[in-house]
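Peer 1: Following this line is upload_21.cif, made up of mmCIF, N, CA and C atoms:
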data_coords
#
loop_
_atom_site.label_atom_id
_atom_site.label_comp_id
_atom_site.auth_asym_id
_atom_site.auth_seq_id
_atom_site.Cartn_x
_atom_site.Cartn_y
_atom_site.Cartn_z
N MET A 1 0.85 -1.18 0.00
CA MET A 1 0.00 0.00 0.00
C MET A 1 0.89 1.24 0.00
N VAL A 2 0.59 2.19 -0.84
CA VAL A 2 1.35 3.43 -0.96
C VAL A 2 0.74 4.47 -0.03
N ALA A 3 1.57 5.11 0.79
CA ALA A 3 1.09 6.14 1.71
C ALA A 3 0.72 7.39 0.93
N LYS A 4 -0.41 8.01 1.33
CA LYS A 4 -0.83 9.24 0.68
C LYS A 4 0.03 10.39 1.17
N LYS A 5 0.29 11.34 0.29
CA LYS A 5 1.04 12.54 0.66
C LYS A 5 0.18 13.38 1.60
N ALA A 6 0.81 13.99 2.58
CA ALA A 6 0.10 14.80 3.56
C ALA A 6 -0.59 15.97 2.86
N PHE A 7 -1.78 16.32 3.35
CA PHE A 7 -2.52 17.45 2.80
C PHE A 7 -1.69 18.71 2.93
N GLY A 8 -1.56 19.46 1.88
CA GLY A 8 -0.80 20.69 1.90
C GLY A 8 0.68 20.49 1.61
N GLY A 9 1.10 19.25 1.49
CA GLY A 9 2.48 18.99 1.14
C GLY A 9 3.46 18.96 2.29
N TYR A 10 3.00 19.10 3.52
CA TYR A 10 3.92 19.08 4.67
C TYR A 10 3.95 17.71 5.32
N THR A 11 5.12 17.31 5.74
CA THR A 11 5.26 16.15 6.60
C THR A 11 6.05 16.59 7.82
N ILE A 12 5.67 16.07 8.96
CA ILE A 12 6.34 16.43 10.21
C ILE A 12 6.75 15.14 10.89
N SER A 13 7.99 15.07 11.31
CA SER A 13 8.49 13.89 12.00
C SER A 13 9.04 14.30 13.36
N PHE A 14 8.47 13.72 14.42
CA PHE A 14 8.95 13.97 15.77
C PHE A 14 9.88 12.85 16.22
N LYS A 15 10.33 12.03 15.29
CA LYS A 15 11.21 10.91 15.61
C LYS A 15 12.50 11.43 16.24
N GLY A 16 12.85 10.87 17.37
CA GLY A 16 14.09 11.25 18.05
C GLY A 16 13.95 12.46 18.96
N CYS A 17 12.77 13.07 19.05
CA CYS A 17 12.58 14.22 19.93
C CYS A 17 12.34 13.73 21.36
N ASP A 18 13.04 14.30 22.30
CA ASP A 18 12.89 13.92 23.70
C ASP A 18 12.09 14.94 24.50
N ASP A 19 11.58 15.97 23.85
CA ASP A 19 10.83 17.01 24.54
C ASP A 19 9.47 16.48 24.98
N SER A 20 9.04 16.90 26.17
CA SER A 20 7.72 16.52 26.67
C SER A 20 6.70 17.56 26.22
N ALA A 21 5.44 17.20 26.32
CA ALA A 21 4.38 18.15 25.97
C ALA A 21 4.44 19.37 26.88
N GLU A 22 4.78 19.16 28.14
CA GLU A 22 4.86 20.28 29.08
C GLU A 22 5.98 21.24 28.72
N SER A 23 7.07 20.73 28.17
CA SER A 23 8.17 21.63 27.78
C SER A 23 7.79 22.45 26.55
N ILE A 24 6.88 21.94 25.73
CA ILE A 24 6.44 22.68 24.55
C ILE A 24 5.31 23.64 24.89
N PHE A 25 4.32 23.18 25.65
CA PHE A 25 3.12 23.97 25.92
C PHE A 25 3.14 24.75 27.23
N GLY A 26 4.02 24.38 28.16
CA GLY A 26 4.01 25.00 29.47
C GLY A 26 3.07 24.23 30.40
N SER A 27 3.01 24.65 31.65
CA SER A 27 2.22 23.91 32.63
C SER A 27 0.83 24.49 32.86
N SER A 28 0.55 25.68 32.35
CA SER A 28 -0.78 26.28 32.53
C SER A 28 -1.69 25.92 31.36
N PRO A 29 -3.00 25.91 31.61
CA PRO A 29 -3.95 25.60 30.52
C PRO A 29 -3.87 26.63 29.39
N ILE A 30 -3.99 26.16 28.15
CA ILE A 30 -3.98 27.06 27.00
C ILE A 30 -5.12 26.69 26.06
N THR A 31 -5.47 27.62 25.19
CA THR A 31 -6.54 27.37 24.23
C THR A 31 -6.00 26.54 23.06
N PRO A 32 -6.90 25.90 22.31
CA PRO A 32 -6.46 25.12 21.15
C PRO A 32 -5.67 25.95 20.13
N SER A 33 -6.06 27.21 19.94
CA SER A 33 -5.33 28.04 18.97
C SER A 33 -3.91 28.33 19.45
N GLU A 34 -3.73 28.54 20.75
CA GLU A 34 -2.39 28.75 21.29
C GLU A 34 -1.56 27.47 21.17
N MET A 35 -2.21 26.32 21.36
CA MET A 35 -1.53 25.04 21.23
C MET A 35 -1.00 24.86 19.81
N THR A 36 -1.82 25.20 18.83
CA THR A 36 -1.41 25.10 17.42
C THR A 36 -0.22 26.01 17.14
N LYS A 37 -0.27 27.24 17.63
CA LYS A 37 0.82 28.19 17.43
C LYS A 37 2.12 27.67 18.04
N LYS A 38 2.03 27.08 19.24
CA LYS A 38 3.23 26.59 19.91
C LYS A 38 3.78 25.35 19.21
N ILE A 39 2.91 24.50 18.70
CA ILE A 39 3.38 23.32 17.95
C ILE A 39 4.15 23.77 16.72
N TRP A 40 3.58 24.70 15.94
CA TRP A 40 4.27 25.15 14.72
C TRP A 40 5.55 25.90 15.03
N ALA A 41 5.58 26.66 16.12
CA ALA A 41 6.82 27.33 16.52
C ALA A 41 7.89 26.30 16.85
N PHE A 42 7.51 25.22 17.55
CA PHE A 42 8.44 24.15 17.89
C PHE A 42 8.94 23.44 16.64
N VAL A 43 8.02 23.15 15.72
CA VAL A 43 8.38 22.47 14.47
C VAL A 43 9.36 23.31 13.67
N LYS A 44 9.08 24.60 13.52
CA LYS A 44 9.96 25.48 12.75
C LYS A 44 11.31 25.67 13.44
N LYS A 45 11.30 25.81 14.77
CA LYS A 45 12.55 26.01 15.52
C LYS A 45 13.47 24.81 15.39
N ASN A 46 12.90 23.61 15.39
CA ASN A 46 13.69 22.39 15.33
C ASN A 46 13.80 21.81 13.92
N LYS A 47 13.30 22.55 12.93
CA LYS A 47 13.37 22.15 11.52
C LYS A 47 12.86 20.72 11.31
N LEU A 48 11.63 20.47 11.79
CA LEU A 48 11.04 19.13 11.71
C LEU A 48 10.13 18.95 10.51
N SER A 49 9.80 20.03 9.80
CA SER A 49 8.87 19.90 8.68
C SER A 49 9.62 19.82 7.35
N ASN A 50 9.05 19.09 6.43
CA ASN A 50 9.58 18.99 5.07
C ASN A 50 8.44 19.29 4.11
N LYS A 51 8.69 20.13 3.17
CA LYS A 51 7.67 20.44 2.19
C LYS A 51 8.02 19.85 0.87
#
Can you turn what I pasted into structure tokens?

Peer 2:
Amino acid sequence: MVAKKAFGGYTISFKGCDDSAESIFGSSPITPSEMTKKIWAFVKKNKLSNK
């Protein structure tokens, strides 16, 4: 079976990352939109995305 290409052309691999969710998001509650912003900031900072 051939894997489908990710929608939008991005693939993200967290393989080998040792960071916890708390280190990415912090310990206080956040909104879903803030969570998305922090995930993308982490991905870009660590160069985890491929287009």

Peer 1: Can you spell out as an mmCIF file with N, CA and C atoms, keeping the file's coordinate frame the set of residues that the PyMOL selection byres ((chain A and resi 13) around 7) selects in the structure I just provided?

Peer 2:
data_model
loop_
_atom_site.group_PDB
_atom_site.id
_atom_site.type_symbol
_atom_site.label_atom_id
_atom_site.label_comp_id
_atom_site.auth_asym_id
_atom_site.auth_seq_id
_atom_site.Cartn_x
_atom_site.Cartn_y
_atom_site.Cartn_z
ATOM 1 N N THR A 11 5.120 17.310 5.740
ATOM 2 C CA THR A 11 5.260 16.150 6.600
ATOM 3 C C THR A 11 6.050 16.590 7.820
ATOM 4 N N ILE A 12 5.670 16.070 8.960
ATOM 5 C CA ILE A 12 6.340 16.430 10.210
ATOM 6 C C ILE A 12 6.750 15.140 10.890
ATOM 7 N N PHE A 14 8.470 13.720 14.420
ATOM 8 C CA PHE A 14 8.950 13.970 15.770
ATOM 9 C C PHE A 14 9.880 12.850 16.220
ATOM 10 N N LYS A 15 10.330 12.030 15.290
ATOM 11 C CA LYS A 15 11.210 10.910 15.610
ATOM 12 C C LYS A 15 12.500 11.430 16.240
ATOM 13 N N GLY A 16 12.850 10.870 17.370
ATOM 14 C CA GLY A 16 14.090 11.250 18.050
ATOM 15 C C GLY A 16 13.950 12.460 18.960
ATOM 16 N N CYS A 17 12.770 13.070 19.050
ATOM 17 C CA CYS A 17 12.580 14.220 19.930
ATOM 18 C C CYS A 17 12.340 13.730 21.360
ATOM 19 N N LEU A 48 11.630 20.470 11.790
ATOM 20 C CA LEU A 48 11.040 19.130 11.710
ATOM 21 C C LEU A 48 10.130 18.950 10.510
ATOM 22 N N SER A 49 9.800 20.030 9.800
ATOM 23 C CA SER A 49 8.870 19.900 8.680
ATOM 24 C C SER A 49 9.620 19.820 7.350
ATOM 25 N N ASN A 50 9.050 19.090 6.430
ATOM 26 C CA ASN A 50 9.580 18.990 5.070
ATOM 27 C C ASN A 50 8.440 19.290 4.110
#

Peer 1: Using only C-alpha atoms, which protein or nucleic acid residues come within 12 Å of segment 21-32 of chain A? Drop anything in the same chain fewer than 5 positions from it, and give the result as JSON, numbers by chain.

Peer 2: {"A": [14, 37, 38, 39, 40, 41, 42, 43, 45, 46]}

Peer 1: Taking the DSSP assignment computed from this structure's backbone, write out as an NGL selection string all residues of chain A that belong to strand (DSSP E or B).

Peer 2: :A and (11-12 or 49-50)

Peer 1: Can you measure atom C of Asp19 of chain A to atom C of Met35 of chain A for me? One decimal in Å is fine.

Peer 2: 14.4 Å

Peer 1: Provide an axis-aligned box for all listed atoms of segment 21-32 of chain A, padding each side by 6 Å; report its centre and its edge lengths in Å to one decimal, as AutoDock Vina command-line options.

Peer 2:
--center_x 0.6 --center_y 22.4 --center_z 26.5 --size_x 27.1 --size_y 22.4 --size_z 24.7

Peer 1: Work out how far apart atom N of Ser33 of chain A and atom CA of Ala3 of chain A are and give it in Å to one decimal.

Peer 2: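 Separating atom N of Ser33 of chain A from atom CA of Ala3 of chain A is a distance of 28.8 Å.
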
Peer 1: Using Å and a single decimal, report how far atom N of Asp18 of chain A sits from atom C of Lys47 of chain A.

Peer 2: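 Here the two named atoms are 12.7 Å from each other.
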
Peer 1: Residues of chain A classed as alpha helix (DSSP H) by DSSP on the backbone are to be reported as a list in words.

Peer 2: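 Output for chain A, alpha helix (DSSP H) only: Ala21, Glu22, Ser23, Ile24, Phe25, Pro32, Ser33, Glu34, Met35, Thr36, Lys37, Lys38, Ile39, Trp40, Ala41, Phe42, Val43, Lys44 and Lys45 of chain A.
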